[in-house]
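What follows is one structure encoded as structure tokens, with my remarks underneath.
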Amino acid sequence: MIHEPARLRILTALSAVAWADFPSLCRLLGLTRGNLSAHVACLERHGYVQVEKSIIGRLPHTQYRLTARGRQALKEYWAALDEIRALGKGESVDIA
């Protein structure tokens, strides 16, 4: 689920901030509005991202944050990749 490049980029970006708004994520990640919306919806369904919608003035404002579950999933994903990288370097890996 996380391995899809756009979703990995979204989670990684959100791991560095408390909250990120929709336009900022679109610009930072170079995703279209529809693409970002679709991937965030998938991440939200899995409980990895929290979405908060509000109105500022008369304009809709959407913010995202990484949940504890999302942070843990991302941590486990990076650990799994580190194990794969270690195998490629000939390092010993504890596979339990």
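In the structure tokens, chains take letters A, B, ... by order of appearance, with residues numbered from 1 within each chain and ligands from 1 in the order shown.
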Check: Looking only at the backbone, which of the residues in chain A does DSSP tag as strand (DSSP E or B), as a PyMOL selection string?
Finding: chain A and resi 20-21+49-56+59-66
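The coordinates place CA of Ile2 in chain A at 14.2 Å from CA of Leu36 in chain A.
Closest to Gln50 in chain A among A:Lys89, A:Lys75, A:Arg27, A:Arg69 is A:Arg69, based on only C-alpha atoms.
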Notebook entry, point to check: Could you pull the residues within 9 Å of Tyr64 in chain A, counting only C-alpha atoms, minus those fewer than 5 positions along the same chain, as an MDAnalysis selection string?
Noted result: chainID A and resid 14 18:22 40 49:53
Check: Neighbours of Leu11 in chain A within 9 Å (only C-alpha atoms; same-chain residues fewer than 6 positions away dropped), as a PyMOL selection string?
Finding: chain A and resi 2+43+48-49+65-66+70-71+74
Margin query: Based on the backbone DSSP call, show me all residues of chain A assigned helix (DSSP H, G or I), as a VMD selection string.
Written below: chain A and resid 5 to 15 22 to 29 33 to 45 68 to 88
For the selection just defined, write its residues with C-alpha atoms to a file, as a PDB file, in the first residue's frame.
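Below is the file that was written, part_32.pdb:
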ATOM      1  CA  PRO A   5       5.343   6.214  -5.189  1.00  0.00           C
ATOM      2  CA  ALA A   6       2.770   8.996  -4.754  1.00  0.00           C
ATOM      3  CA  ARG A   7       1.503   7.571  -1.458  1.00  0.00           C
ATOM      4  CA  LEU A   8       5.049   7.107  -0.185  1.00  0.00           C
ATOM      5  CA  ARG A   9       5.830  10.714  -1.065  1.00  0.00           C
ATOM      6  CA  ILE A  10       2.664  11.945   0.676  1.00  0.00           C
ATOM      7  CA  LEU A  11       3.444  10.025   3.869  1.00  0.00           C
ATOM      8  CA  THR A  12       7.078  11.105   3.839  1.00  0.00           C
ATOM      9  CA  ALA A  13       6.116  14.760   3.380  1.00  0.00           C
ATOM     10  CA  LEU A  14       3.542  14.571   6.173  1.00  0.00           C
ATOM     11  CA  SER A  15       6.047  12.904   8.498  1.00  0.00           C
ATOM     12  CA  PHE A  22      -3.935  20.768   0.064  1.00  0.00           C
ATOM     13  CA  PRO A  23      -2.305  23.407  -2.174  1.00  0.00           C
ATOM     14  CA  SER A  24       1.036  23.048  -0.415  1.00  0.00           C
ATOM     15  CA  LEU A  25       1.080  19.277  -0.880  1.00  0.00           C
ATOM     16  CA  CYS A  26       0.092  19.601  -4.544  1.00  0.00           C
ATOM     17  CA  ARG A  27       2.976  22.005  -5.176  1.00  0.00           C
ATOM     18  CA  LEU A  28       5.530  20.132  -3.076  1.00  0.00           C
ATOM     19  CA  LEU A  29       4.795  16.741  -4.584  1.00  0.00           C
ATOM     20  CA  ARG A  33      -5.469  17.868  -7.497  1.00  0.00           C
ATOM     21  CA  GLY A  34      -7.320  14.714  -8.529  1.00  0.00           C
ATOM     22  CA  ASN A  35      -4.292  12.499  -8.064  1.00  0.00           C
ATOM     23  CA  LEU A  36      -3.558  13.886  -4.601  1.00  0.00           C
ATOM     24  CA  SER A  37      -7.223  13.550  -3.591  1.00  0.00           C
ATOM     25  CA  ALA A  38      -7.400   9.924  -4.730  1.00  0.00           C
ATOM     26  CA  HIS A  39      -4.211   8.879  -2.955  1.00  0.00           C
ATOM     27  CA  VAL A  40      -5.089  10.727   0.255  1.00  0.00           C
ATOM     28  CA  ALA A  41      -8.525   9.062   0.250  1.00  0.00           C
ATOM     29  CA  CYS A  42      -6.813   5.665   0.094  1.00  0.00           C
ATOM     30  CA  LEU A  43      -4.423   6.605   2.912  1.00  0.00           C
ATOM     31  CA  GLU A  44      -7.323   7.918   4.976  1.00  0.00           C
ATOM     32  CA  ARG A  45      -9.280   4.666   4.517  1.00  0.00           C
ATOM     33  CA  ALA A  68       0.125   7.499  14.730  1.00  0.00           C
ATOM     34  CA  ARG A  69      -0.846   4.441  12.686  1.00  0.00           C
ATOM     35  CA  GLY A  70       0.517   6.069   9.531  1.00  0.00           C
ATOM     36  CA  ARG A  71       3.753   7.046  11.268  1.00  0.00           C
ATOM     37  CA  GLN A  72       4.210   3.448  12.486  1.00  0.00           C
ATOM     38  CA  ALA A  73       3.444   2.015   9.034  1.00  0.00           C
ATOM     39  CA  LEU A  74       5.968   4.360   7.437  1.00  0.00           C
ATOM     40  CA  LYS A  75       8.592   3.448  10.059  1.00  0.00           C
ATOM     41  CA  GLU A  76       8.032  -0.268   9.371  1.00  0.00           C
ATOM     42  CA  TYR A  77       8.204   0.337   5.621  1.00  0.00           C
ATOM     43  CA  TRP A  78      11.592   2.102   5.908  1.00  0.00           C
ATOM     44  CA  ALA A  79      12.866  -0.679   8.208  1.00  0.00           C
ATOM     45  CA  ALA A  80      11.854  -3.306   5.642  1.00  0.00           C
ATOM     46  CA  LEU A  81      13.669  -1.385   2.914  1.00  0.00           C
ATOM     47  CA  ASP A  82      16.750  -1.111   5.129  1.00  0.00           C
ATOM     48  CA  GLU A  83      16.729  -4.908   5.516  1.00  0.00           C
ATOM     49  CA  ILE A  84      16.574  -5.337   1.741  1.00  0.00           C
ATOM     50  CA  ARG A  85      19.400  -2.831   1.261  1.00  0.00           C
ATOM     51  CA  ALA A  86      21.508  -4.645   3.858  1.00  0.00           C
ATOM     52  CA  LEU A  87      21.081  -7.900   1.947  1.00  0.00           C
ATOM     53  CA  GLY A  88      22.393  -6.198  -1.165  1.00  0.00           C
TER      54      GLY A  88
END
